>>> print(open('structure-v9.cif').read())   # mmCIF, C-alpha atoms
data_protein
loop_
_atom_site.label_atom_id
_atom_site.label_comp_id
_atom_site.auth_asym_id
_atom_site.auth_seq_id
_atom_site.Cartn_x
_atom_site.Cartn_y
_atom_site.Cartn_z
CA MET P 18 0.00 0.00 0.00
CA ILE P 19 1.08 3.57 -0.62
CA GLU P 20 1.52 5.59 2.54
CA ILE P 21 -0.33 8.86 2.17
CA ALA P 22 -1.98 11.17 4.69
CA ALA P 23 -5.77 11.47 4.53
CA LEU P 24 -5.72 15.21 3.81
CA ASP P 25 -3.19 14.76 1.00
CA ALA P 26 -5.30 11.96 -0.50
CA VAL P 27 -8.45 14.09 -0.35
CA PHE P 28 -6.88 16.95 -2.27
CA LEU P 29 -5.06 14.67 -4.71
CA ALA P 30 -8.37 12.95 -5.47
CA ALA P 31 -10.09 16.33 -5.80
CA ALA P 32 -7.39 17.52 -8.20
CA VAL P 33 -7.79 14.39 -10.33
CA THR P 34 -11.58 14.80 -10.35
CA LEU P 35 -11.46 18.47 -11.29
CA THR P 36 -9.10 17.91 -14.20
CA ALA P 37 -10.94 14.86 -15.58
CA ASP P 38 -13.21 15.16 -18.62
CA ARG P 39 -15.93 13.18 -16.88
CA ARG P 40 -16.36 13.24 -13.15
CA GLY P 41 -18.11 9.96 -12.56
CA GLU P 42 -20.12 9.20 -9.46
CA LEU P 43 -18.85 11.64 -6.85
CA ARG P 44 -21.06 10.26 -4.08
CA TRP P 45 -19.65 6.77 -4.52
CA VAL P 46 -16.11 8.12 -4.56
CA ALA P 47 -16.84 9.96 -1.29
CA LEU P 48 -17.87 6.63 0.29
CA VAL P 49 -14.59 4.94 -0.58
CA PRO P 50 -12.74 6.10 2.58
CA LEU P 51 -15.48 4.49 4.69
CA LEU P 52 -15.14 1.29 2.67
CA ALA P 53 -11.37 1.30 3.22
CA ALA P 54 -11.75 1.94 6.95
CA VAL P 55 -14.31 -0.85 7.37
CA ALA P 56 -12.12 -3.26 5.40
CA ALA P 57 -9.15 -2.40 7.63
CA LEU P 58 -11.24 -3.40 10.67
CA ALA P 59 -12.23 -6.76 9.17
CA PRO P 60 -10.63 -9.79 10.92
CA ALA P 61 -8.92 -11.13 7.80
CA GLY P 62 -6.37 -13.22 9.70
CA ALA P 63 -4.06 -15.09 7.37
CA TYR P 64 -5.76 -13.47 4.38
CA ALA P 65 -4.89 -9.91 5.41
CA TYR P 66 -2.68 -9.61 2.34
CA LEU P 67 -5.82 -9.91 0.19
CA VAL P 68 -7.53 -6.91 1.79
CA PRO P 69 -5.76 -4.10 -0.15
CA PRO P 70 -6.41 -5.56 -3.63
CA VAL P 71 -10.03 -6.37 -2.74
CA VAL P 72 -10.56 -2.83 -1.43
CA ALA P 73 -8.98 -1.47 -4.61
CA LEU P 74 -11.35 -3.54 -6.74
CA LEU P 75 -14.40 -2.62 -4.69
CA ALA P 76 -13.43 1.05 -4.73
CA THR P 77 -12.77 1.33 -8.43
CA ALA P 78 -15.37 -1.00 -9.97
CA PRO P 79 -18.61 0.93 -9.24
CA PRO P 80 -17.32 4.44 -10.17
CA VAL P 81 -16.15 3.23 -13.59
CA ARG P 82 -15.77 6.79 -14.81
CA ALA P 83 -13.72 7.91 -11.83
CA PRO P 84 -11.45 5.04 -10.78
CA ALA P 85 -8.38 7.20 -10.13
CA PRO P 86 -9.78 9.45 -7.37
CA ALA P 87 -11.49 6.44 -5.79
CA LEU P 88 -8.21 4.54 -5.69
CA VAL P 89 -6.39 7.54 -4.19
CA LEU P 90 -9.03 7.85 -1.46
CA ALA P 91 -8.74 4.13 -0.67
CA ALA P 92 -5.00 4.41 -0.01
CA PRO P 93 -4.65 6.15 3.40
CA ALA P 94 -4.86 4.26 6.67
CA TYR P 95 -7.84 6.01 8.26
CA GLY P 96 -7.58 6.07 12.03
CA SER P 97 -11.29 5.62 12.64
CA LEU P 98 -14.64 5.45 10.90
CA VAL P 99 -15.23 9.11 11.79
CA ALA P 100 -11.94 10.08 10.12
CA ALA P 101 -12.98 8.12 7.01
CA VAL P 102 -16.41 9.79 6.83
CA THR P 103 -14.76 13.19 7.37
CA ALA P 104 -12.34 12.50 4.50
CA GLY P 105 -15.25 11.67 2.18
CA ALA P 106 -17.10 14.81 3.23
CA ALA P 107 -13.92 16.89 2.80
CA TYR P 108 -13.54 15.51 -0.74
CA LEU P 109 -17.07 16.60 -1.67
CA ALA P 110 -16.54 19.98 0.05
CA ALA P 111 -13.29 20.59 -1.86
CA ILE P 112 -15.04 19.87 -5.19
CA TRP P 113 -17.96 22.10 -4.20
CA LEU P 114 -15.70 25.00 -3.18
CA ALA P 115 -13.59 24.68 -6.33
CA ASP P 116 -16.72 24.63 -8.52
CA GLY P 117 -18.00 27.77 -6.78
CA LEU P 118 -14.72 29.56 -7.42
CA ASP P 119 -14.66 28.30 -11.00
CA ARG P 120 -17.95 30.09 -11.65
CA ARG P 121 -16.57 33.28 -10.15
CA ILE P 122 -13.41 33.29 -12.23
CA GLU P 123 -13.73 35.07 -15.56
CA GLN P 124 -12.34 32.41 -17.87
CA ARG P 125 -11.77 34.98 -20.60
CA GLY P 126 -9.51 36.94 -18.27
CA VAL P 127 -7.42 33.93 -17.31
CA SER P 128 -4.21 33.88 -19.32
CA ALA P 129 -4.17 31.24 -22.06
CA SER P 130 -1.53 29.08 -20.41
CA TRP P 131 -3.57 28.87 -17.19
CA ARG P 132 -7.08 28.47 -18.61
CA GLY P 133 -9.02 25.31 -17.76
CA ALA P 134 -7.33 22.49 -15.84
CA PRO P 135 -4.26 24.48 -14.65
CA ALA P 136 -6.51 27.16 -13.13
CA ARG P 137 -8.56 24.46 -11.37
CA LEU P 138 -5.37 22.88 -10.05
CA LEU P 139 -4.26 26.26 -8.73
CA VAL P 140 -7.59 26.67 -6.93
CA ILE P 141 -7.23 23.20 -5.37
CA ALA P 142 -3.65 24.01 -4.35
CA ALA P 143 -4.82 27.19 -2.62
CA LEU P 144 -7.56 25.26 -0.80
CA TYR P 145 -4.98 22.62 0.17
CA ALA P 146 -2.79 25.35 1.69
CA ALA P 147 -5.77 26.92 3.46
CA LEU P 148 -6.95 23.65 4.95
CA GLN P 149 -3.55 22.34 6.08
CA PRO P 150 -4.44 22.81 9.76
CA VAL P 151 -7.48 20.55 9.30
CA GLY P 152 -5.06 17.64 9.05
CA HIS P 153 -4.10 18.25 12.68
CA LEU P 154 -7.63 18.41 14.09
CA MET V 23 -23.79 49.40 -24.90
CA LYS V 24 -20.73 48.45 -22.93
CA GLY V 25 -20.15 48.83 -19.21
CA PRO V 26 -19.14 49.99 -16.75
CA PHE V 27 -22.22 52.16 -16.27
CA LEU V 28 -21.33 53.43 -12.82
CA ARG V 29 -18.10 55.37 -12.57
CA SER V 30 -16.26 56.40 -9.46
CA PRO V 31 -14.18 59.57 -9.22
CA GLN V 32 -11.65 57.46 -7.31
CA SER V 33 -8.97 55.94 -9.55
CA THR V 34 -7.32 52.55 -8.92
CA ARG V 35 -4.00 54.31 -8.50
CA GLY V 36 -5.55 56.65 -5.93
CA LEU V 37 -6.92 53.69 -3.94
CA MET V 38 -3.55 51.96 -4.00
CA ILE V 39 -1.82 55.11 -2.78
CA GLN V 40 -4.30 55.29 0.10
CA VAL V 41 -3.60 51.66 1.10
CA VAL V 42 0.17 52.14 0.95
CA ALA V 43 -0.17 55.34 2.98
CA ALA V 44 -2.27 53.49 5.57
CA ALA V 45 0.35 50.74 5.83
CA THR V 46 3.30 53.15 5.99
CA PRO V 47 3.14 53.81 9.78
CA ALA V 48 3.27 50.04 10.37
CA LEU V 49 6.21 49.66 7.99
CA ILE V 50 8.11 52.53 9.61
CA ALA V 51 7.38 51.16 13.09
CA ALA V 52 8.63 47.72 12.04
CA VAL V 53 11.89 49.16 10.71
CA VAL V 54 12.39 51.34 13.80
CA ARG V 55 11.73 48.46 16.18
CA LEU V 56 13.35 45.60 14.28
CA GLY V 57 16.01 47.39 12.26
CA ALA V 58 17.67 46.42 9.01
CA PRO V 59 16.22 42.88 8.77
CA ALA V 60 12.69 44.33 8.67
CA ALA V 61 13.72 46.83 5.99
CA ALA V 62 15.25 43.98 3.98
CA VAL V 63 12.00 41.98 4.21
CA ILE V 64 9.92 44.96 3.06
CA VAL V 65 12.18 45.89 0.14
CA SER V 66 12.55 42.25 -0.97
CA ALA V 67 8.79 41.53 -0.85
CA ILE V 68 8.00 44.64 -2.89
CA ALA V 69 10.81 43.90 -5.34
CA GLY V 70 9.59 40.31 -5.83
CA ALA V 71 6.01 41.46 -6.46
CA VAL V 72 6.98 44.29 -8.82
CA ALA V 73 9.41 42.10 -10.79
CA VAL V 74 6.79 39.43 -11.52
CA GLU V 75 4.13 42.06 -12.25
CA ALA V 76 6.49 43.59 -14.81
CA LEU V 77 6.75 40.21 -16.52
CA TYR V 78 2.98 39.73 -16.76
CA HIS V 79 1.20 43.10 -16.88
CA ARG V 80 3.00 46.39 -17.06
CA ARG V 81 -0.31 48.10 -16.23
CA GLY V 82 0.02 46.78 -12.68
CA LEU V 83 3.20 48.80 -12.29
CA ALA V 84 1.42 52.02 -13.16
CA ASP V 85 -1.55 51.51 -10.85
CA GLY V 86 0.67 50.53 -7.93
CA SER V 87 -1.21 47.34 -7.07
CA ALA V 88 1.99 45.27 -7.13
CA VAL V 89 3.54 47.56 -4.52
CA VAL V 90 0.44 47.19 -2.33
CA THR V 91 0.66 43.40 -2.61
CA GLY V 92 4.36 43.45 -1.73
CA VAL V 93 3.71 45.67 1.29
CA ILE V 94 0.99 43.37 2.63
CA VAL V 95 3.13 40.27 2.06
CA ALA V 96 5.90 41.96 4.09
CA LEU V 97 3.48 42.69 6.95
CA LEU V 98 2.68 38.96 7.12
CA LEU V 99 6.32 37.83 7.35
CA PRO V 100 8.63 37.79 10.40
CA ALA V 101 11.71 40.02 10.39
CA THR V 102 13.76 36.83 10.69
CA ALA V 103 12.63 35.78 7.21
CA PRO V 104 15.59 35.87 4.82
CA PRO V 105 15.30 38.38 1.96
CA TRP V 106 15.01 35.59 -0.64
CA LEU V 107 11.96 34.27 1.19
CA ALA V 108 10.34 37.70 1.24
CA ALA V 109 11.09 38.14 -2.48
CA ALA V 110 9.62 34.69 -3.14
CA GLY V 111 6.53 35.70 -1.16
CA GLY V 112 6.03 38.81 -3.29
CA ALA V 113 6.66 36.82 -6.48
CA ILE V 114 4.21 34.06 -5.47
CA ALA V 115 1.55 36.63 -4.57
CA ILE V 116 1.63 38.10 -8.07
CA GLY V 117 2.76 35.02 -10.02
CA LEU V 118 0.15 32.63 -8.58
CA GLY V 119 -2.30 34.88 -6.77
CA LYS V 120 -2.98 37.59 -9.29
CA ALA V 121 -1.45 37.39 -12.76
CA PRO V 122 -2.77 33.99 -13.90
CA TRP V 123 -6.37 35.11 -13.26
CA GLY V 124 -6.16 38.10 -15.56
CA GLY V 125 -4.63 40.69 -13.26
CA LEU V 126 -6.11 43.25 -10.93
CA GLY V 127 -9.72 42.66 -9.92
CA LYS V 128 -10.01 39.09 -11.18
CA ASN V 129 -8.21 36.99 -8.58
CA PRO V 130 -10.33 34.59 -6.48
CA PHE V 131 -7.93 34.56 -3.52
CA ASN V 132 -6.21 37.42 -1.75
CA PRO V 133 -2.70 37.32 -3.29
CA ALA V 134 -0.83 38.14 -0.07
CA ALA V 135 -2.77 35.54 1.94
CA LEU V 136 -2.12 32.99 -0.81
CA ALA V 137 1.60 33.75 -0.72
CA ARG V 138 1.67 33.30 3.04
CA GLY V 139 -0.28 30.02 2.72
CA VAL V 140 2.06 28.65 0.06
CA LEU V 141 5.14 29.59 2.10
CA MET V 142 3.65 27.90 5.16
CA VAL V 143 3.36 24.66 3.18
CA VAL V 144 6.69 24.90 1.35
CA VAL V 145 9.03 26.37 4.00
CA PRO V 146 7.24 25.98 7.34
CA ALA V 147 10.48 26.16 9.33
CA HIS V 148 10.92 29.84 8.44
CA LEU V 149 7.39 30.79 9.48
CA PHE V 150 6.69 28.35 12.30
CA ALA V 151 9.93 28.45 14.23
CA PRO V 152 8.85 27.83 17.82
CA ALA V 153 11.10 30.66 18.91
CA TRP V 154 12.56 33.74 17.31
CA THR V 155 15.55 35.73 18.49
CA TRP V 156 14.18 39.05 19.63
CA ASP V 157 16.37 41.82 21.03
CA ALA V 158 19.10 39.19 21.46
CA VAL V 159 16.72 37.09 23.58
CA THR V 160 15.10 33.95 22.23
CA ALA V 161 11.38 34.05 22.88
CA ALA V 162 8.35 32.11 21.75
CA SER V 163 5.52 33.55 19.65
CA PRO V 164 2.68 34.87 21.86
CA LEU V 165 0.34 32.33 20.29
CA SER V 166 2.76 29.42 20.59
CA LYS V 167 1.45 26.19 22.13
CA GLU V 168 4.83 24.52 22.38
CA ILE V 169 6.33 23.16 25.59
CA GLY V 170 7.94 26.05 27.44
CA ALA V 171 5.68 28.74 25.96
CA THR V 172 5.13 31.66 28.29
CA ALA V 173 2.14 33.97 28.72
CA PRO V 174 2.67 37.31 26.97
CA GLY V 175 1.83 40.44 28.94
CA TRP V 176 -0.84 42.79 27.58
CA LEU V 177 1.55 45.74 27.61
CA ALA V 178 4.18 43.78 25.72
CA LEU V 179 1.57 42.78 23.13
CA ALA V 180 0.28 46.33 22.76
CA GLN V 181 3.80 47.68 22.35
CA GLY V 182 4.80 44.89 19.98
CA ASP V 183 7.44 43.56 22.36
CA VAL V 184 6.78 40.01 21.20
CA PRO V 185 8.14 38.04 18.27
CA GLY V 186 6.00 37.62 15.20
CA CYS V 187 5.25 39.14 11.81
CA LEU V 188 6.13 42.73 10.91
CA GLY V 189 2.48 43.73 11.31
CA GLN V 190 2.75 42.73 14.96
CA ALA V 191 5.67 45.08 15.69
CA ALA V 192 3.38 48.01 16.51
CA PRO V 193 -0.28 46.94 16.51
CA TRP V 194 -1.58 50.47 17.03
CA THR V 195 -0.14 51.53 13.66
CA ILE V 196 -2.18 48.84 11.89
CA VAL V 197 -5.30 50.02 13.71
CA LEU V 198 -4.47 53.62 12.82
CA GLY V 199 -4.07 52.78 9.15
CA GLY V 200 -7.21 50.64 9.13
CA VAL V 201 -9.35 53.29 10.80
CA ALA V 202 -8.05 55.86 8.29
CA LEU V 203 -9.01 53.59 5.40
CA ALA V 204 -12.47 53.06 6.90
CA ALA V 205 -12.90 56.81 7.45
CA MET V 206 -12.02 57.44 3.79
CA ARG V 207 -14.46 54.65 2.84
CA THR V 208 -11.68 52.82 1.05
CA ILE V 209 -12.64 49.72 3.05
CA ASP V 210 -15.97 48.53 4.45
CA TRP V 211 -15.80 49.11 8.23
CA ARG V 212 -18.17 46.21 8.87
CA VAL V 213 -15.58 43.65 7.77
CA PRO V 214 -12.82 44.34 10.33
CA LEU V 215 -15.43 44.94 13.02
CA ALA V 216 -17.16 41.59 12.37
CA TYR V 217 -13.84 39.76 12.18
CA LEU V 218 -12.38 41.26 15.35
CA ALA V 219 -15.67 40.79 17.23
CA THR V 220 -15.82 37.12 16.23
CA VAL V 221 -12.21 36.53 17.27
CA ALA V 222 -12.79 38.28 20.62
CA LEU V 223 -16.05 36.45 21.29
CA LEU V 224 -14.66 33.02 20.45
CA ALA V 225 -11.51 33.74 22.48
CA VAL V 226 -13.81 34.10 25.49
CA VAL V 227 -16.29 31.28 24.92
CA LEU V 228 -14.33 28.63 23.01
CA PRO V 229 -12.67 25.94 25.15
CA GLY V 230 -9.10 25.20 24.12
CA GLY V 231 -7.86 21.91 22.71
CA ASP V 232 -5.55 19.48 24.51
CA ARG V 233 -2.36 21.23 23.43
CA VAL V 234 -3.65 24.64 24.56
CA ALA V 235 -4.80 23.21 27.89
CA ALA V 236 -1.42 21.55 28.48
CA HIS V 237 1.04 24.21 27.34
CA ALA V 238 -0.73 27.56 26.87
CA PRO V 239 -3.87 27.80 29.02
CA TRP V 240 -3.68 31.61 28.90
CA LEU V 241 -4.86 31.48 25.28
CA VAL V 242 -8.34 30.60 26.52
CA GLY V 243 -10.55 33.42 27.74
CA ASP V 244 -8.17 36.26 26.81
CA PRO V 245 -9.39 38.17 23.75
CA LEU V 246 -6.53 40.70 23.83
CA VAL V 247 -3.89 38.04 23.20
CA HIS V 248 -5.78 36.94 20.09
CA LEU V 249 -6.59 40.46 18.88
CA LEU V 250 -3.05 41.81 19.23
CA GLY V 251 -1.12 38.59 18.59
CA GLY V 252 -0.43 36.93 15.25
CA GLY V 253 -1.77 38.34 12.04
CA THR V 254 -5.23 39.25 13.38
CA LEU V 255 -5.05 43.00 12.77
CA VAL V 256 -3.37 42.71 9.37
CA ALA V 257 -6.04 40.22 8.30
CA ALA V 258 -8.83 42.44 9.64
CA PHE V 259 -7.77 45.69 7.97
CA PHE V 260 -5.67 44.67 4.94
CA LEU V 261 -6.63 41.15 3.82
CA LEU V 262 -10.35 40.66 4.39
CA THR V 263 -11.18 44.15 3.16
CA ASP V 264 -9.90 43.41 -0.35
CA PRO V 265 -13.07 44.13 -2.39
CA VAL V 266 -12.09 41.73 -5.17
CA THR V 267 -12.06 38.59 -3.03
CA ALA V 268 -14.86 39.54 -0.62
CA PRO V 269 -18.59 39.06 -1.27
CA MET V 270 -20.62 41.87 -2.81
CA THR V 271 -23.34 42.69 -0.26
CA PRO V 272 -22.77 44.13 3.23
CA GLY V 273 -24.57 41.24 4.93
CA ALA V 274 -22.52 38.66 3.07
CA ARG V 275 -19.33 40.54 3.96
CA VAL V 276 -20.21 40.39 7.65
CA ALA V 277 -20.79 36.63 7.38
CA PHE V 278 -17.55 36.32 5.39
CA ALA V 279 -15.59 38.11 8.13
CA ALA V 280 -17.28 36.07 10.86
CA ILE V 281 -16.36 32.82 9.07
CA ALA V 282 -12.75 34.01 8.85
CA GLY V 283 -12.78 34.87 12.56
CA ALA V 284 -14.15 31.45 13.49
CA ALA V 285 -11.57 29.71 11.29
CA THR V 286 -8.74 31.78 12.82
CA MET V 287 -9.77 30.76 16.32
CA ALA V 288 -10.28 27.11 15.35
CA VAL V 289 -6.70 26.98 14.07
CA ARG V 290 -5.33 28.69 17.17
CA HIS V 291 -7.25 26.54 19.66
CA TYR V 292 -7.31 23.11 18.05
CA THR V 293 -4.22 22.72 15.85
CA PRO V 294 -0.48 22.98 16.56
CA TYR V 295 -0.28 26.01 14.22
CA PRO V 296 0.48 29.20 16.18
CA ASP V 297 -1.57 31.33 13.82
CA GLY V 298 -4.03 30.79 11.02
CA ALA V 299 -5.26 34.28 10.14
CA ALA V 300 -3.99 34.17 6.54
CA LEU V 301 -5.29 30.63 6.04
CA ALA V 302 -8.67 31.70 7.43
CA VAL V 303 -8.74 34.49 4.85
CA LEU V 304 -8.13 31.96 2.06
CA LEU V 305 -10.94 29.76 3.35
CA ALA V 306 -13.30 32.75 3.55
CA ASN V 307 -12.28 33.75 -0.01
CA ALA V 308 -13.26 30.26 -1.17
CA LEU V 309 -16.68 30.68 0.44
CA ALA V 310 -17.28 34.16 -1.03
CA PRO V 311 -18.99 32.88 -4.23
CA TRP V 312 -21.34 30.79 -2.11
CA LEU V 313 -22.17 33.79 0.10
CA ASP V 314 -22.83 35.83 -3.04
CA ARG V 315 -25.17 33.17 -4.35
CA LEU V 316 -27.04 33.17 -1.06
CA THR V 317 -27.46 36.94 -0.92
CA VAL V 318 -27.20 38.51 -4.39
CA GLU V 319 -29.25 35.80 -6.09
CA ARG V 320 -32.05 36.23 -3.55
CA ARG V 321 -32.11 39.94 -4.29
CA VAL V 322 -32.17 39.73 -8.07
CA THR V 323 -34.44 36.67 -8.49
CA PRO V 324 -38.12 37.24 -7.66
CA ARG V 325 -39.68 34.87 -5.15
CA GLY V 326 -41.03 31.73 -6.78
CA ARG V 327 -38.94 32.28 -9.89
CA ARG V 328 -35.69 30.79 -8.69
CA ALA V 329 -33.85 28.74 -11.23
CA PRO V 330 -33.81 24.99 -10.61
CA ARG V 331 -30.70 23.89 -8.72
CA ASP V 332 -29.15 22.20 -11.73
CA GLN V 333 -29.40 25.38 -13.81
CA ARG V 334 -27.73 27.68 -11.30
#
>>> encode(input="structure-v9.cif", output="structure tokens")
Amino acid sequence: MIEIAALDAVFLAAAVTLTADRRGELRWVALVPLLAAVAALAPAGAYAYLVPPVVALLATAPPVRAPAPALVLAAPAYGSLVAAVTAGAAYLAAIWLADGLDRRIEQRGVSASWRGAPARLLVIAALYAALQPVGHL
Amino acid sequence: MKGPFLRSPQSTRGLMIQVVAAATPALIAAVVRLGAPAAAVIVSAIAGAVAVEALYHRRGLADGSAVVTGVIVALLLPATAPPWLAAAGGAIAIGLGKAPWGGLGKNPFNPAALARGVLMVVVPAHLFAPAWTWDAVTAASPLSKEIGATAPGWLALAQGDVPGCLGQAAPWTIVLGGVALAAMRTIDWRVPLAYLATVALLAVVLPGGDRVAAHAPWLVGDPLVHLLGGGTLVAAFFLLTDPVTAPMTPGARVAFAAIAGAATMAVRHYTPYPDGAALAVLLANALAPWLDRLTVERRVTPRGRRAPRDQR
């Protein structure tokens, strides 16, 4: 498994979602952290090595149009179910905030090299910086 | 017909001159109190902002907005920041916070707050050092929650005898500049008032987190520490009052400032970060479009004729 902090995974997944042509099923993607946390609690015993690939399959199969953000959100080791639900909610909130800012930005004014996906990435990066302290709550 | 239909006798250049003039007492006080390092931070931040502005839009040089951005970036940095860091802050403010969006008046985030946020992520050691050398004595930030932190005295805070950003060197000069801007109607007085009131109220009623309880219990119940410490005053008078990144209606602006105040106090009470004023401004900026939708849309759309949610 890749070691990644929950907050980093949330914003990486949001960045992938915002730059994708098709977003897929956001609500399912937001449930993936909960799925990963529940799977981590399962008493797999000698079959523990099977848990990560099964979680990856379960996470990426239903949101066929958005497998990448789902896989990123499945990666962190969530400390508790509450942390997992919070990560899912934070993912949806980040998308919602970025969409709100996207409507406010005058795309015609944005310089050609920044228009579209780069501008969205910049918005997500600013939100990532702003919400850094949330990772310590 | 092409807009704008409403014209103001006040030019952009005139507004920028007013903001720089309002910040000048704070800059002078910082240099007098902290000496050459503070001057180096100010000059470097302005130089970084102006240099990048010159690369993107020469118009920004004429209207003075790049200088304003550099000045505000400097107020958010400690005097211990090396000049290259201050120059990088000014360059980031313009290069990421303003120019890519089309220049003056089109940026979604306050450029100076964005620069501070980026620097906090990229080089936290320079901004979050648990202790700064101050008058040859190493002391902790007044909002520090580290082991060994000591309670700052009110007089020391009011006189700026505590380590921190340049804007903290003489708090009364920031208030003086802010009140002057409000009196000239350059800024909306409701914004700093709502922000400072929220910070003060939450400082009194909000219980502290574990770290605060263990190492800095004086941070709970003392509004003056939170009003005079950290970047509170700079955020109140120079960041949140930026009309470009704030909501449009007065009511929404009050809510915007209150959200920033609540976020500032949440960071100070429940995270290891000593201050979160600039980050709170970024968060409030992100919520500004939503506040506009809540208020402006209700005003311009007759009751019962709201657009379906999917068409908004």
>>> atom_distance(input="structure-v9.cif", atom1="CA of Val256 (chain V)", atom2="CA of Gln32 (chain V)")
23.8 Å
>>> closest_residue(input="structure-v9.cif", among="V:Ala268, V:Ala219, V:Ala308, V:Met38", to="Gly283 (chain V)", atoms="all atoms listed in the file")
V:Ala219
>>> atom_distance(input="structure-v9.cif", atom1="CA of Leu305 (chain V)", atom2="CA of Leu144 (chain P)")
7.0 Å
>>> resolve_selection(input="structure-v9.cif", expression="the PyMOL selection byres ((chain P) within 10 of (chain V))", output="VMD selection string")
chain P and resid 111 113 to 132 135 to 136 139 to 140 142 to 154
>>> write_last_selection(input="structure-v9.cif", atoms="C-alpha atoms", output="tab-separated table (two decimals), in the frame of the given file")
chain	number	residue	atom	x	y	z
P	111	ALA	CA	-13.29	20.59	-1.86
P	113	TRP	CA	-17.96	22.10	-4.20
P	114	LEU	CA	-15.70	25.00	-3.18
P	115	ALA	CA	-13.59	24.68	-6.33
P	116	ASP	CA	-16.72	24.63	-8.52
P	117	GLY	CA	-18.00	27.77	-6.78
P	118	LEU	CA	-14.72	29.56	-7.42
P	119	ASP	CA	-14.66	28.30	-11.00
P	120	ARG	CA	-17.95	30.09	-11.65
P	121	ARG	CA	-16.57	33.28	-10.15
P	122	ILE	CA	-13.41	33.29	-12.23
P	123	GLU	CA	-13.73	35.07	-15.56
P	124	GLN	CA	-12.34	32.41	-17.87
P	125	ARG	CA	-11.77	34.98	-20.60
P	126	GLY	CA	-9.51	36.94	-18.27
P	127	VAL	CA	-7.42	33.93	-17.31
P	128	SER	CA	-4.21	33.88	-19.32
P	129	ALA	CA	-4.17	31.24	-22.06
P	130	SER	CA	-1.53	29.08	-20.41
P	131	TRP	CA	-3.57	28.87	-17.19
P	132	ARG	CA	-7.08	28.47	-18.61
P	135	PRO	CA	-4.26	24.48	-14.65
P	136	ALA	CA	-6.51	27.16	-13.13
P	139	LEU	CA	-4.26	26.26	-8.73
P	140	VAL	CA	-7.59	26.67	-6.93
P	142	ALA	CA	-3.65	24.01	-4.35
P	143	ALA	CA	-4.82	27.19	-2.62
P	144	LEU	CA	-7.56	25.26	-0.80
P	145	TYR	CA	-4.98	22.62	0.17
P	146	ALA	CA	-2.79	25.35	1.69
P	147	ALA	CA	-5.77	26.92	3.46
P	148	LEU	CA	-6.95	23.65	4.95
P	149	GLN	CA	-3.55	22.34	6.08
P	150	PRO	CA	-4.44	22.81	9.76
P	151	VAL	CA	-7.48	20.55	9.30
P	152	GLY	CA	-5.06	17.64	9.05
P	153	HIS	CA	-4.10	18.25	12.68
P	154	LEU	CA	-7.63	18.41	14.09
>>> atom_distance(input="structure-v9.cif", atom1="CA of Val41 (chain V)", atom2="CA of Val318 (chain V)")
27.6 Å
>>> resolve_selection(input="structure-v9.cif", expression="the PyMOL selection byres ((chain P and resi 52-69) around 8)", output="PyMOL selection string")
chain P and resi 18+48-51+70-73+76+91-92+94-98+101
>>> write_last_selection(input="structure-v9.cif", atoms="C-alpha atoms", output="PDB file, keeping the file's coordinate frame")
ATOM      1  CA  MET P  18       0.000   0.000   0.000  1.00  0.00           C
ATOM      2  CA  LEU P  48     -17.870   6.630   0.290  1.00  0.00           C
ATOM      3  CA  VAL P  49     -14.590   4.940  -0.580  1.00  0.00           C
ATOM      4  CA  PRO P  50     -12.740   6.100   2.580  1.00  0.00           C
ATOM      5  CA  LEU P  51     -15.480   4.490   4.690  1.00  0.00           C
ATOM      6  CA  PRO P  70      -6.410  -5.560  -3.630  1.00  0.00           C
ATOM      7  CA  VAL P  71     -10.030  -6.370  -2.740  1.00  0.00           C
ATOM      8  CA  VAL P  72     -10.560  -2.830  -1.430  1.00  0.00           C
ATOM      9  CA  ALA P  73      -8.980  -1.470  -4.610  1.00  0.00           C
ATOM     10  CA  ALA P  76     -13.430   1.050  -4.730  1.00  0.00           C
ATOM     11  CA  ALA P  91      -8.740   4.130  -0.670  1.00  0.00           C
ATOM     12  CA  ALA P  92      -5.000   4.410  -0.010  1.00  0.00           C
ATOM     13  CA  ALA P  94      -4.860   4.260   6.670  1.00  0.00           C
ATOM     14  CA  TYR P  95      -7.840   6.010   8.260  1.00  0.00           C
ATOM     15  CA  GLY P  96      -7.580   6.070  12.030  1.00  0.00           C
ATOM     16  CA  SER P  97     -11.290   5.620  12.640  1.00  0.00           C
ATOM     17  CA  LEU P  98     -14.640   5.450  10.900  1.00  0.00           C
ATOM     18  CA  ALA P 101     -12.980   8.120   7.010  1.00  0.00           C
TER      19      ALA P 101
END
>>> resolve_selection(input="structure-v9.cif", expression="the PyMOL selection byres ((chain P and resi 30) around 8)", output="PDB file with C-alpha atoms, keeping the file's coordinate frame")
ATOM      1  CA  ALA P  26      -5.300  11.960  -0.500  1.00  0.00           C
ATOM      2  CA  VAL P  27      -8.450  14.090  -0.350  1.00  0.00           C
ATOM      3  CA  PHE P  28      -6.880  16.950  -2.270  1.00  0.00           C
ATOM      4  CA  LEU P  29      -5.060  14.670  -4.710  1.00  0.00           C
ATOM      5  CA  ALA P  31     -10.090  16.330  -5.800  1.00  0.00           C
ATOM      6  CA  ALA P  32      -7.390  17.520  -8.200  1.00  0.00           C
ATOM      7  CA  VAL P  33      -7.790  14.390 -10.330  1.00  0.00           C
ATOM      8  CA  THR P  34     -11.580  14.800 -10.350  1.00  0.00           C
ATOM      9  CA  ALA P  85      -8.380   7.200 -10.130  1.00  0.00           C
ATOM     10  CA  PRO P  86      -9.780   9.450  -7.370  1.00  0.00           C
ATOM     11  CA  ALA P  87     -11.490   6.440  -5.790  1.00  0.00           C
ATOM     12  CA  VAL P  89      -6.390   7.540  -4.190  1.00  0.00           C
ATOM     13  CA  LEU P  90      -9.030   7.850  -1.460  1.00  0.00           C
ATOM     14  CA  TYR P 108     -13.540  15.510  -0.740  1.00  0.00           C
TER      15      TYR P 108
END
